[in-house]
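To be precise, the following lines are protein27.pdb, and they hold PDB, C-alpha atoms.
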```
ATOM      1  CA  MET A   1     128.235  99.843 116.878
ATOM      2  CA  GLY A   2     129.105  96.272 115.924
ATOM      3  CA  PHE A   3     128.179  93.265 118.043
ATOM      4  CA  PRO A   4     130.978  90.694 118.393
ATOM      5  CA  ALA A   5     128.657  87.887 117.402
ATOM      6  CA  ASN A   6     129.441  84.188 117.224
ATOM      7  CA  GLY A   7     133.155  84.643 117.886
ATOM      8  CA  ASP A   8     133.816  84.326 114.167
ATOM      9  CA  SER A   9     135.075  86.824 111.657
ATOM     10  CA  ALA A  10     133.966  86.735 108.048
ATOM     11  CA  THR A  11     137.047  84.736 107.074
ATOM     12  CA  ASP A  12     136.646  82.056 109.746
ATOM     13  CA  LYS A  13     133.259  80.727 108.774
ATOM     14  CA  PRO A  14     130.825  81.214 105.897
ATOM     15  CA  TYR A  15     127.588  83.025 106.587
ATOM     16  CA  LYS A  16     124.426  81.130 107.274
ATOM     17  CA  PHE A  17     121.194  83.063 107.694
ATOM     18  CA  LEU A  18     118.086  81.901 109.520
ATOM     19  CA  ILE A  19     115.096  83.876 108.207
ATOM     20  CA  TYR A  20     111.655  84.188 109.781
ATOM     21  CA  GLY A  21     108.785  85.299 107.580
ATOM     22  CA  ARG A  22     108.941  82.836 104.695
ATOM     23  CA  THR A  23     105.410  83.594 103.514
ATOM     24  CA  GLY A  24     105.829  87.364 103.852
ATOM     25  CA  TRP A  25     106.897  89.829 101.195
ATOM     26  CA  ILE A  26     110.225  90.871 102.737
ATOM     27  CA  GLY A  27     111.021  87.330 103.874
ATOM     28  CA  GLY A  28     110.532  86.021 100.350
ATOM     29  CA  LEU A  29     112.670  88.745  98.808
ATOM     30  CA  LEU A  30     115.421  88.063 101.365
ATOM     31  CA  GLY A  31     115.541  84.418 100.364
ATOM     32  CA  ASN A  32     115.825  85.413  96.690
ATOM     33  CA  LEU A  33     118.686  87.778  97.516
ATOM     34  CA  CYS A  34     120.533  85.105  99.474
ATOM     35  CA  GLN A  35     120.205  82.699  96.551
ATOM     36  CA  ALA A  36     121.474  85.327  94.126
ATOM     37  CA  GLN A  37     124.463  86.118  96.391
ATOM     38  CA  GLY A  38     125.262  82.477  97.112
ATOM     39  CA  ILE A  39     124.570  82.884 100.840
ATOM     40  CA  ASP A  40     123.490  79.738 102.687
ATOM     41  CA  PHE A  41     120.102  80.327 104.311
ATOM     42  CA  VAL A  42     117.131  78.506 105.746
ATOM     43  CA  TYR A  43     113.658  79.622 106.741
ATOM     44  CA  GLY A  44     112.706  79.155 110.370
ATOM     45  CA  SER A  45     109.829  76.788 111.034
ATOM     46  CA  GLY A  46     109.256  77.785 114.672
ATOM     47  CA  ARG A  47     106.573  80.169 115.886
ATOM     48  CA  LEU A  48     107.988  83.427 117.229
ATOM     49  CA  GLU A  49     106.007  83.183 120.468
ATOM     50  CA  ASN A  50     107.176  79.580 121.067
ATOM     51  CA  ARG A  51     110.634  79.804 122.633
ATOM     52  CA  SER A  52     111.455  76.091 122.448
ATOM     53  CA  SER A  53     110.653  76.001 118.722
ATOM     54  CA  LEU A  54     113.024  78.932 118.098
ATOM     55  CA  GLU A  55     115.759  77.263 120.125
ATOM     56  CA  ALA A  56     115.246  74.093 118.104
ATOM     57  CA  ASP A  57     115.596  76.043 114.844
ATOM     58  CA  ILE A  58     118.866  77.613 115.961
ATOM     59  CA  THR A  59     120.260  74.317 117.263
ATOM     60  CA  ALA A  60     119.402  72.583 113.996
ATOM     61  CA  THR A  61     120.628  75.279 111.594
ATOM     62  CA  LYS A  62     123.526  76.884 113.541
ATOM     63  CA  PRO A  63     123.085  80.288 111.863
ATOM     64  CA  THR A  64     125.612  83.114 111.946
ATOM     65  CA  HIS A  65     122.756  85.663 111.790
ATOM     66  CA  VAL A  66     118.986  85.670 112.238
ATOM     67  CA  PHE A  67     116.577  87.865 110.261
ATOM     68  CA  ASN A  68     113.063  88.602 111.490
ATOM     69  CA  ALA A  69     110.706  89.537 108.670
ATOM     70  CA  ALA A  70     107.722  87.938 110.389
ATOM     71  CA  GLY A  71     105.016  89.896 112.125
ATOM     72  CA  VAL A  72     101.426  91.028 111.942
ATOM     73  CA  THR A  73     100.623  94.026 109.764
ATOM     74  CA  GLY A  74      97.040  92.997 109.102
ATOM     75  CA  ARG A  75      95.213  92.090 105.922
ATOM     76  CA  PRO A  76      94.280  94.003 103.919
ATOM     77  CA  ASN A  77      95.769  96.723 106.142
ATOM     78  CA  VAL A  78      96.584  97.728 109.723
ATOM     79  CA  ASP A  79      92.906  98.277 110.546
ATOM     80  CA  TRP A  80      92.788  94.469 111.091
ATOM     81  CA  CYS A  81      94.951  94.916 114.189
ATOM     82  CA  GLU A  82      92.302  97.120 115.817
ATOM     83  CA  SER A  83      89.962  94.129 116.102
ATOM     84  CA  HIS A  84      92.682  91.471 116.651
ATOM     85  CA  LYS A  85      94.682  93.003 119.473
ATOM     86  CA  VAL A  86      95.737  89.826 121.268
ATOM     87  CA  GLU A  87      96.953  88.220 118.027
ATOM     88  CA  THR A  88      98.898  91.401 117.254
ATOM     89  CA  ILE A  89     100.532  91.438 120.702
ATOM     90  CA  ARG A  90     101.345  87.723 120.526
ATOM     91  CA  THR A  91     103.436  88.093 117.373
ATOM     92  CA  ASN A  92     104.617  91.713 117.300
ATOM     93  CA  VAL A  93     105.494  92.026 120.976
ATOM     94  CA  ALA A  94     105.837  88.643 122.697
ATOM     95  CA  GLY A  95     107.148  86.885 119.583
ATOM     96  CA  THR A  96     109.713  89.498 118.595
ATOM     97  CA  LEU A  97     111.019  89.796 122.160
ATOM     98  CA  THR A  98     111.292  86.034 122.486
ATOM     99  CA  LEU A  99     113.316  85.781 119.279
ATOM    100  CA  ALA A 100     115.603  88.617 120.386
ATOM    101  CA  ASP A 101     116.130  86.941 123.755
ATOM    102  CA  VAL A 102     116.916  83.536 122.262
ATOM    103  CA  CYS A 103     119.389  85.109 119.826
ATOM    104  CA  ARG A 104     121.077  87.012 122.667
ATOM    105  CA  ASP A 105     121.477  83.786 124.649
ATOM    106  CA  LYS A 106     123.201  82.270 121.601
ATOM    107  CA  GLY A 107     125.355  85.351 120.883
ATOM    108  CA  ILE A 108     123.723  85.958 117.511
ATOM    109  CA  VAL A 109     122.877  89.269 115.834
ATOM    110  CA  LEU A 110     119.185  89.644 115.004
ATOM    111  CA  ILE A 111     118.263  91.857 112.062
ATOM    112  CA  ASN A 112     114.712  92.951 112.871
ATOM    113  CA  TYR A 113     112.590  94.572 110.162
ATOM    114  CA  ALA A 114     110.527  97.020 112.179
ATOM    115  CA  THR A 115     108.540 100.123 111.239
ATOM    116  CA  GLY A 116     109.033 103.866 111.104
ATOM    117  CA  CYS A 117     105.265 104.367 111.321
ATOM    118  CA  ILE A 118     105.643 105.330 114.974
ATOM    119  CA  PHE A 119     106.050 109.050 114.361
ATOM    120  CA  GLU A 120     103.903 111.860 113.002
ATOM    121  CA  TYR A 121     104.656 115.408 111.932
ATOM    122  CA  ASP A 122     104.608 117.841 114.874
ATOM    123  CA  SER A 123     105.693 121.371 115.773
ATOM    124  CA  ASP A 124     109.340 120.283 116.124
ATOM    125  CA  HIS A 125     109.215 118.261 112.888
ATOM    126  CA  PRO A 126     106.790 120.189 110.660
ATOM    127  CA  LEU A 127     105.602 118.838 107.337
ATOM    128  CA  GLY A 128     107.813 120.194 104.550
ATOM    129  CA  SER A 129     110.555 121.419 106.907
ATOM    130  CA  GLY A 130     113.137 118.776 106.051
ATOM    131  CA  ILE A 131     113.589 118.138 109.779
ATOM    132  CA  GLY A 132     113.307 114.380 110.187
ATOM    133  CA  TYR A 133     113.043 112.178 113.236
ATOM    134  CA  LYS A 134     116.342 110.680 114.346
ATOM    135  CA  GLU A 135     117.010 107.194 115.686
ATOM    136  CA  GLU A 136     117.106 108.355 119.298
ATOM    137  CA  ASP A 137     113.806 110.285 119.137
ATOM    138  CA  THR A 138     110.877 108.979 121.174
ATOM    139  CA  PRO A 139     107.919 107.737 119.080
ATOM    140  CA  ASN A 140     104.955 110.110 119.185
ATOM    141  CA  PHE A 141     102.357 108.300 117.027
ATOM    142  CA  ILE A 142     100.060 105.809 118.704
ATOM    143  CA  GLY A 143      97.008 106.401 116.547
ATOM    144  CA  SER A 144      96.819 102.760 115.481
ATOM    145  CA  PHE A 145      97.157  99.687 117.673
ATOM    146  CA  TYR A 146      99.710  98.312 115.195
ATOM    147  CA  SER A 147     101.940 101.369 115.669
ATOM    148  CA  LYS A 148     101.436 101.275 119.427
ATOM    149  CA  THR A 149     102.735  97.680 119.649
ATOM    150  CA  LYS A 150     105.666  98.470 117.365
ATOM    151  CA  ALA A 151     106.701 101.463 119.484
ATOM    152  CA  MET A 152     106.477  99.330 122.641
ATOM    153  CA  VAL A 153     108.668  96.580 121.276
ATOM    154  CA  GLU A 154     111.221  98.998 119.804
ATOM    155  CA  ASP A 155     111.662 100.583 123.220
ATOM    156  CA  LEU A 156     112.201  97.204 124.874
ATOM    157  CA  LEU A 157     114.577  95.992 122.160
ATOM    158  CA  LYS A 158     116.924  98.913 122.893
ATOM    159  CA  ASN A 159     118.080  96.824 125.855
ATOM    160  CA  TYR A 160     119.251  93.982 123.611
ATOM    161  CA  GLU A 161     122.738  94.774 122.383
ATOM    162  CA  ASN A 162     122.500  92.050 119.722
ATOM    163  CA  VAL A 163     119.507  93.536 117.879
ATOM    164  CA  CYS A 164     119.598  95.665 114.753
ATOM    165  CA  THR A 165     116.219  97.410 114.424
ATOM    166  CA  LEU A 166     115.427  98.641 110.916
ATOM    167  CA  ARG A 167     112.631 101.204 110.711
ATOM    168  CA  VAL A 168     110.977 100.446 107.368
ATOM    169  CA  ARG A 169     108.339 102.847 105.959
ATOM    170  CA  MET A 170     105.786 102.453 103.179
ATOM    171  CA  PRO A 171     107.872  99.769 101.419
ATOM    172  CA  ILE A 172     108.154  99.900  97.637
ATOM    173  CA  SER A 173     109.653  97.448  95.145
ATOM    174  CA  SER A 174     109.984  97.173  91.387
ATOM    175  CA  ASP A 175     107.309  94.449  91.406
ATOM    176  CA  LEU A 176     104.278  96.609  90.680
ATOM    177  CA  SER A 177     101.966  93.577  90.713
ATOM    178  CA  ASN A 178     102.532  92.917  94.418
ATOM    179  CA  PRO A 179      99.534  94.075  96.481
ATOM    180  CA  ARG A 180     101.817  94.884  99.462
ATOM    181  CA  ASN A 181     103.802  97.374  97.372
ATOM    182  CA  PHE A 182     102.944 100.940  98.414
ATOM    183  CA  ILE A 183     102.790 102.066  94.779
ATOM    184  CA  THR A 184     100.464  99.204  93.855
ATOM    185  CA  LYS A 185      98.244 100.063  96.807
ATOM    186  CA  ILE A 186      97.828 103.726  95.943
ATOM    187  CA  THR A 187      97.267 103.071  92.219
ATOM    188  CA  ARG A 188      94.327 100.873  93.218
ATOM    189  CA  TYR A 189      92.759 103.213  95.747
ATOM    190  CA  GLU A 190      89.677 105.122  94.735
ATOM    191  CA  LYS A 191      91.163 108.264  96.296
ATOM    192  CA  VAL A 192      94.542 109.079  97.854
ATOM    193  CA  VAL A 193      95.828 111.688 100.269
ATOM    194  CA  ASN A 194      98.829 113.746  99.175
ATOM    195  CA  ILE A 195     101.428 114.001 101.947
ATOM    196  CA  PRO A 196     105.249 113.856 101.742
ATOM    197  CA  ASN A 197     106.663 110.813 103.550
ATOM    198  CA  SER A 198     109.866 108.879 104.038
ATOM    199  CA  MET A 199     109.758 105.547 102.232
ATOM    200  CA  THR A 200     111.838 102.389 101.761
ATOM    201  CA  ILE A 201     112.862 101.138  98.306
ATOM    202  CA  LEU A 202     113.361  97.434  98.984
ATOM    203  CA  ASP A 203     115.357  96.769  95.786
ATOM    204  CA  GLU A 204     118.067  99.065  97.150
ATOM    205  CA  LEU A 205     117.737  98.636 100.909
ATOM    206  CA  LEU A 206     117.284  94.880 101.384
ATOM    207  CA  PRO A 207     120.796  94.179  99.994
ATOM    208  CA  ILE A 208     122.055  96.839 102.416
ATOM    209  CA  SER A 209     120.405  94.971 105.315
ATOM    210  CA  ILE A 210     122.389  91.867 104.360
ATOM    211  CA  GLU A 211     125.576  93.941 104.392
ATOM    212  CA  MET A 212     124.572  95.336 107.804
ATOM    213  CA  ALA A 213     124.362  91.776 109.107
ATOM    214  CA  LYS A 214     127.823  91.018 107.742
ATOM    215  CA  ARG A 215     129.132  94.097 109.567
ATOM    216  CA  ASN A 216     127.296  93.027 112.747
ATOM    217  CA  LEU A 217     125.669  96.443 113.015
ATOM    218  CA  THR A 218     123.181  96.810 115.859
ATOM    219  CA  GLY A 219     120.947  99.461 117.389
ATOM    220  CA  ILE A 220     118.137 101.437 115.761
ATOM    221  CA  TRP A 221     118.407 102.579 112.133
ATOM    222  CA  ASN A 222     116.028 104.719 110.103
ATOM    223  CA  PHE A 223     115.804 102.332 107.158
ATOM    224  CA  THR A 224     114.510 104.679 104.489
ATOM    225  CA  ASN A 225     115.942 106.447 101.473
ATOM    226  CA  PRO A 226     116.927 110.037 102.291
ATOM    227  CA  GLY A 227     114.306 112.700 101.719
ATOM    228  CA  VAL A 228     110.550 112.513 101.239
ATOM    229  CA  VAL A 229     108.149 111.971  98.358
ATOM    230  CA  SER A 230     104.414 112.617  98.181
ATOM    231  CA  HIS A 231     101.640 110.382  96.891
ATOM    232  CA  ASN A 232     101.042 112.682  93.925
ATOM    233  CA  GLU A 233     104.735 112.778  93.009
ATOM    234  CA  ILE A 234     104.801 108.965  92.908
ATOM    235  CA  LEU A 235     101.622 108.799  90.843
ATOM    236  CA  GLU A 236     102.990 111.409  88.423
ATOM    237  CA  MET A 237     106.065 109.185  87.927
ATOM    238  CA  TYR A 238     103.776 106.183  87.482
ATOM    239  CA  ARG A 239     101.878 108.039  84.764
ATOM    240  CA  GLU A 240     105.110 109.137  83.085
ATOM    241  CA  TYR A 241     106.856 105.761  83.096
ATOM    242  CA  VAL A 242     104.159 103.095  83.309
ATOM    243  CA  ASP A 243     100.681 104.214  82.271
ATOM    244  CA  PRO A 244     100.234 107.519  80.419
ATOM    245  CA  ASN A 245      96.458 107.223  80.802
ATOM    246  CA  PHE A 246      96.521 106.836  84.575
ATOM    247  CA  THR A 247      94.361 109.221  86.589
ATOM    248  CA  TRP A 248      93.674 109.606  90.297
ATOM    249  CA  LYS A 249      91.669 111.644  92.756
ATOM    250  CA  ASN A 250      92.864 113.207  95.993
ATOM    251  CA  PHE A 251      91.060 113.634  99.258
ATOM    252  CA  THR A 252      91.925 115.238 102.582
ATOM    253  CA  LEU A 253      93.042 113.563 105.799
ATOM    254  CA  GLU A 254      89.638 114.440 107.250
ATOM    255  CA  GLU A 255      87.901 112.686 104.354
ATOM    256  CA  GLN A 256      90.282 109.714 104.653
ATOM    257  CA  ALA A 257      89.467 109.403 108.362
ATOM    258  CA  LYS A 258      85.871 108.564 107.478
ATOM    259  CA  VAL A 259      86.838 105.426 105.534
ATOM    260  CA  ILE A 260      89.590 103.968 107.753
ATOM    261  CA  VAL A 261      89.366 102.611 111.292
ATOM    262  CA  ALA A 262      92.725 103.807 112.623
ATOM    263  CA  PRO A 263      94.673 106.976 111.727
ATOM    264  CA  ARG A 264      97.814 106.559 109.614
ATOM    265  CA  SER A 265     101.322 107.781 110.346
ATOM    266  CA  ASN A 266     102.864 110.508 108.154
ATOM    267  CA  ASN A 267     106.449 111.558 108.830
ATOM    268  CA  GLU A 268     109.969 112.222 107.663
ATOM    269  CA  LEU A 269     112.782 110.114 109.089
ATOM    270  CA  ASP A 270     116.348 111.421 109.108
ATOM    271  CA  ALA A 271     118.443 108.877 107.158
ATOM    272  CA  THR A 272     121.808 110.550 107.882
ATOM    273  CA  LYS A 273     123.099 107.637 109.980
ATOM    274  CA  LEU A 274     122.378 105.085 107.240
ATOM    275  CA  LYS A 275     123.800 107.364 104.540
ATOM    276  CA  GLN A 276     127.032 107.772 106.509
ATOM    277  CA  GLU A 277     127.419 103.992 106.742
ATOM    278  CA  PHE A 278     126.391 103.475 103.101
ATOM    279  CA  PRO A 279     127.352 106.626 101.117
ATOM    280  CA  GLU A 280     126.043 105.096  97.877
ATOM    281  CA  LEU A 281     122.448 105.246  99.205
ATOM    282  CA  LEU A 282     120.215 107.134  96.759
ATOM    283  CA  SER A 283     117.634 109.750  97.686
ATOM    284  CA  ILE A 284     114.036 108.552  97.571
ATOM    285  CA  LYS A 285     113.227 110.219  94.234
ATOM    286  CA  GLU A 286     116.457 109.037  92.588
ATOM    287  CA  SER A 287     115.878 105.498  93.832
ATOM    288  CA  LEU A 288     112.256 105.477  92.667
ATOM    289  CA  ILE A 289     113.324 106.331  89.123
ATOM    290  CA  LYS A 290     116.382 104.051  88.966
ATOM    291  CA  ASN A 291     115.118 101.009  90.873
ATOM    292  CA  VAL A 292     111.356 101.055  90.327
ATOM    293  CA  PHE A 293     110.124 103.105  87.381
ATOM    294  CA  GLN A 294     112.874 102.717  84.785
ATOM    295  CA  PRO A 295     112.725  98.881  85.021
ATOM    296  CA  ASN A 296     108.941  99.154  84.500
ATOM    297  CA  LYS A 297     109.074 101.769  81.756
ATOM    298  CA  LYS A 298     106.607 101.099  78.972
ATOM    299  CA  THR A 299     108.070 101.860  75.556
ATOM    300  CA  ALA A 300     105.989 103.489  72.867
ATOM    301  CA  GLY A 301     103.735 100.970  71.173
ATOM    302  CA  ALA A 302     104.376  98.338  73.838
TER
END
```

Before we go any further, please render this structure as structure tokens.
Amino acid sequence: MGFPANGDSATDKPYKFLIYGRTGWIGGLLGNLCQAQGIDFVYGSGRLENRSSLEADITATKPTHVFNAAGVTGRPNVDWCESHKVETIRTNVAGTLTLADVCRDKGIVLINYATGCIFEYDSDHPLGSGIGYKEEDTPNFIGSFYSKTKAMVEDLLKNYENVCTLRVRMPISSDLSNPRNFITKITRYEKVVNIPNSMTILDELLPISIEMAKRNLTGIWNFTNPGVVSHNEILEMYREYVDPNFTWKNFTLEEQAKVIVAPRSNNELDATKLKQEFPELLSIKESLIKNVFQPNKKTAGA
């Protein structure tokens, strides 16, 4: 699985990470992690779709690994991509492929934070069955333009032996004030659907992505905690640990469809491959309690 990048082993040369996505949520957290671990890193200044600017970044910084946490998800949500298709293609497809190609030319592993929102429950992977999509499965959800571009680029990146594609889903962190946090989003919605999904606890998984870089792991990885959790289960935990007075209302997928532009992906990803590489990986519900809700627990009278 490993890519013999840079001709250096861990003992020959210290790590230096080049990170794209400085202003993004994951990019910012990555920088904080590198600081905490004493890893030398720099944020890329080049535009993903501008090959010469990427080459200049790599020449100037001489990284051992490159991390791509840049990309267009849309603000406030993926519906933005439906009306900004060229901008979405420019970054998510052309930009990501250009970065992968430049890194391959330089013999560098690229850790690419991608999405698992390219699948939906079907007859072979029914909701509630525990049968998740594996890394080699072909994406079957193209309901949103965002997901369509992500599925396209994932398929093309399979040809780059230097790329590690991490399928992130509904990312969550212990920072419940961050508007990108899935928990923060659903606590602020007027109504929420209630469907079990695979999700990514960043507090646990981002450090694992750094370790994956050190191991020069490549290929596609379902980058979620094992198992699924529903919206209501998360909100019940939120009420138990954070706000005992919290209330919410549910609505159906059909009702949700009336207030969003593009359909949303709901699925379970099989995290067996990641769990085998990192046996300490917690299930989604265990990780939610340990990494998200316990650190935010409100004590009586607080």

Next on the checklist: Ranking A:Thr200, A:Thr187, A:Asn32, A:Ser265 by minimum distance to A:Asn250 and counting only C-alpha atoms, which one comes first?
Outcome noted: A:Thr187

Item to check | Closest of A:Val168, A:Leu288, A:Ile89, A:Val153 to A:Ile26 - atom-to-atom distances counting only C-alpha atoms | outcome: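 Checking each candidate against A:Ile26, we get A:Val168 as the closest.
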
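Taking atom CA of A:Arg188 and atom CA of A:Asp175 as endpoints, the distance between them is 14.6 Å.
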
Next on the checklist: Just the number, please: distance in Å from atom CA of A:Gln35 to atom CA of A:Glu211, one decimal.
Outcome noted: 14.7 Å

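Atom CA of A:Gly71 to atom CA of A:Ile201 spans 19.5 Å [interatomic distance, one decimal].
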
Could you name the residues that touch stretch 93-109 of chain A at 9 Å or less, counting all atoms listed in the file, but leaving out those on the same chain fewer than 3 positions away, as a PDB file with C-alpha atoms, in the coordinates of the input?
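The file below, around_35.pdb, is the result:
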```pdb
ATOM      1  CA  PHE A   3     128.179  93.265 118.043  1.00  0.00           C
ATOM      2  CA  PRO A   4     130.978  90.694 118.393  1.00  0.00           C
ATOM      3  CA  ALA A   5     128.657  87.887 117.402  1.00  0.00           C
ATOM      4  CA  ASN A   6     129.441  84.188 117.224  1.00  0.00           C
ATOM      5  CA  GLY A   7     133.155  84.643 117.886  1.00  0.00           C
ATOM      6  CA  ARG A  47     106.573  80.169 115.886  1.00  0.00           C
ATOM      7  CA  LEU A  48     107.988  83.427 117.229  1.00  0.00           C
ATOM      8  CA  GLU A  49     106.007  83.183 120.468  1.00  0.00           C
ATOM      9  CA  ASN A  50     107.176  79.580 121.067  1.00  0.00           C
ATOM     10  CA  ARG A  51     110.634  79.804 122.633  1.00  0.00           C
ATOM     11  CA  LEU A  54     113.024  78.932 118.098  1.00  0.00           C
ATOM     12  CA  GLU A  55     115.759  77.263 120.125  1.00  0.00           C
ATOM     13  CA  ILE A  58     118.866  77.613 115.961  1.00  0.00           C
ATOM     14  CA  PRO A  63     123.085  80.288 111.863  1.00  0.00           C
ATOM     15  CA  THR A  64     125.612  83.114 111.946  1.00  0.00           C
ATOM     16  CA  HIS A  65     122.756  85.663 111.790  1.00  0.00           C
ATOM     17  CA  VAL A  66     118.986  85.670 112.238  1.00  0.00           C
ATOM     18  CA  PHE A  67     116.577  87.865 110.261  1.00  0.00           C
ATOM     19  CA  ASN A  68     113.063  88.602 111.490  1.00  0.00           C
ATOM     20  CA  ALA A  70     107.722  87.938 110.389  1.00  0.00           C
ATOM     21  CA  GLY A  71     105.016  89.896 112.125  1.00  0.00           C
ATOM     22  CA  THR A  88      98.898  91.401 117.254  1.00  0.00           C
ATOM     23  CA  ILE A  89     100.532  91.438 120.702  1.00  0.00           C
ATOM     24  CA  ARG A  90     101.345  87.723 120.526  1.00  0.00           C
ATOM     25  CA  ASN A 112     114.712  92.951 112.871  1.00  0.00           C
ATOM     26  CA  THR A 149     102.735  97.680 119.649  1.00  0.00           C
ATOM     27  CA  LYS A 150     105.666  98.470 117.365  1.00  0.00           C
ATOM     28  CA  MET A 152     106.477  99.330 122.641  1.00  0.00           C
ATOM     29  CA  VAL A 153     108.668  96.580 121.276  1.00  0.00           C
ATOM     30  CA  LEU A 156     112.201  97.204 124.874  1.00  0.00           C
ATOM     31  CA  LEU A 157     114.577  95.992 122.160  1.00  0.00           C
ATOM     32  CA  TYR A 160     119.251  93.982 123.611  1.00  0.00           C
ATOM     33  CA  GLU A 161     122.738  94.774 122.383  1.00  0.00           C
ATOM     34  CA  ASN A 162     122.500  92.050 119.722  1.00  0.00           C
ATOM     35  CA  VAL A 163     119.507  93.536 117.879  1.00  0.00           C
ATOM     36  CA  CYS A 164     119.598  95.665 114.753  1.00  0.00           C
ATOM     37  CA  ALA A 213     124.362  91.776 109.107  1.00  0.00           C
ATOM     38  CA  ASN A 216     127.296  93.027 112.747  1.00  0.00           C
ATOM     39  CA  LEU A 217     125.669  96.443 113.015  1.00  0.00           C
ATOM     40  CA  THR A 218     123.181  96.810 115.859  1.00  0.00           C
TER      41      THR A 218
END
```

Using all atoms listed in the file, which residues sit within 12 Å of A:Gln276 once same-chain residues fewer than 6 positions away are excluded, as a tab-separated table (two decimals) with C-alpha atoms, keeping the file's coordinate frame?
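In the end it all went to out.tsv:
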```tsv
chain	number	residue	atom	x	y	z
A	221	TRP	CA	118.41	102.58	112.13
A	222	ASN	CA	116.03	104.72	110.10
A	226	PRO	CA	116.93	110.04	102.29
A	270	ASP	CA	116.35	111.42	109.11
A	282	LEU	CA	120.22	107.13	96.76
```

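Proximity of A:Pro14, A:Gly24, A:Gly227, A:Pro295 to A:Gly130, computed with only C-alpha atoms, is greatest for A:Gly227.
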
Next on the checklist: Quick one: residues within 10 Å of A:Leu176, only C-alpha atoms, excluding same-chain residues fewer than 3 positions away - as a ChimeraX atom specification?
Outcome noted: /A:172-173,179-185,187,242,292-293,296

Checklist entry - For A:Ile186, which residue out of A:Glu136, A:Ile210, A:Lys249, A:Pro126 is the nearest one, using all atoms listed in the file? => result A:Lys249

Checklist entry - Which is closest to A:Thr272 among A:Ala36, A:Ile131, A:Ile19, A:Ala151, if we use all atoms listed in the file? => result A:Ile131

Next on the checklist: Counting all atoms listed in the file, which residues sit no farther than 12 Å from the position (112.0, 90.3, 107.1) in the file's frame? I'd like them as a ChimeraX atom specification.
Outcome noted: /A:17-31,33,43-44,66-72,96,110-115,165-168,171,202,205-207,209-210

Item to check | the PyMOL selection byres ((chain A and resi 192) around 6) resolved against shown file, as a list in words | outcome: Lys191, Val193, Asn250 and Phe251 of chain A

Item to check | Pick from A:Ser147, A:Ser45, A:Gln37, A:Thr91, whichever lies nearest to A:Asp79 using all atoms listed in the file | outcome: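 When distances to A:Asp79 are compared using all atoms listed in the file, the smallest one comes from A:Ser147.
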
Checklist entry - Which residues come within 10 Å of A:Asp243, counting all atoms listed in the file, excluding same-chain residues fewer than 6 positions away, as a PyMOL selection string? => result chain A and resi 235-237+296-298

Checklist entry - Neighbours of A:Glu204 within 8 Å (only C-alpha atoms; same-chain residues fewer than 5 positions away dropped), as a list in words? => result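 The contact residues come out as Leu281, Ser287 and Asn291 of chain A.
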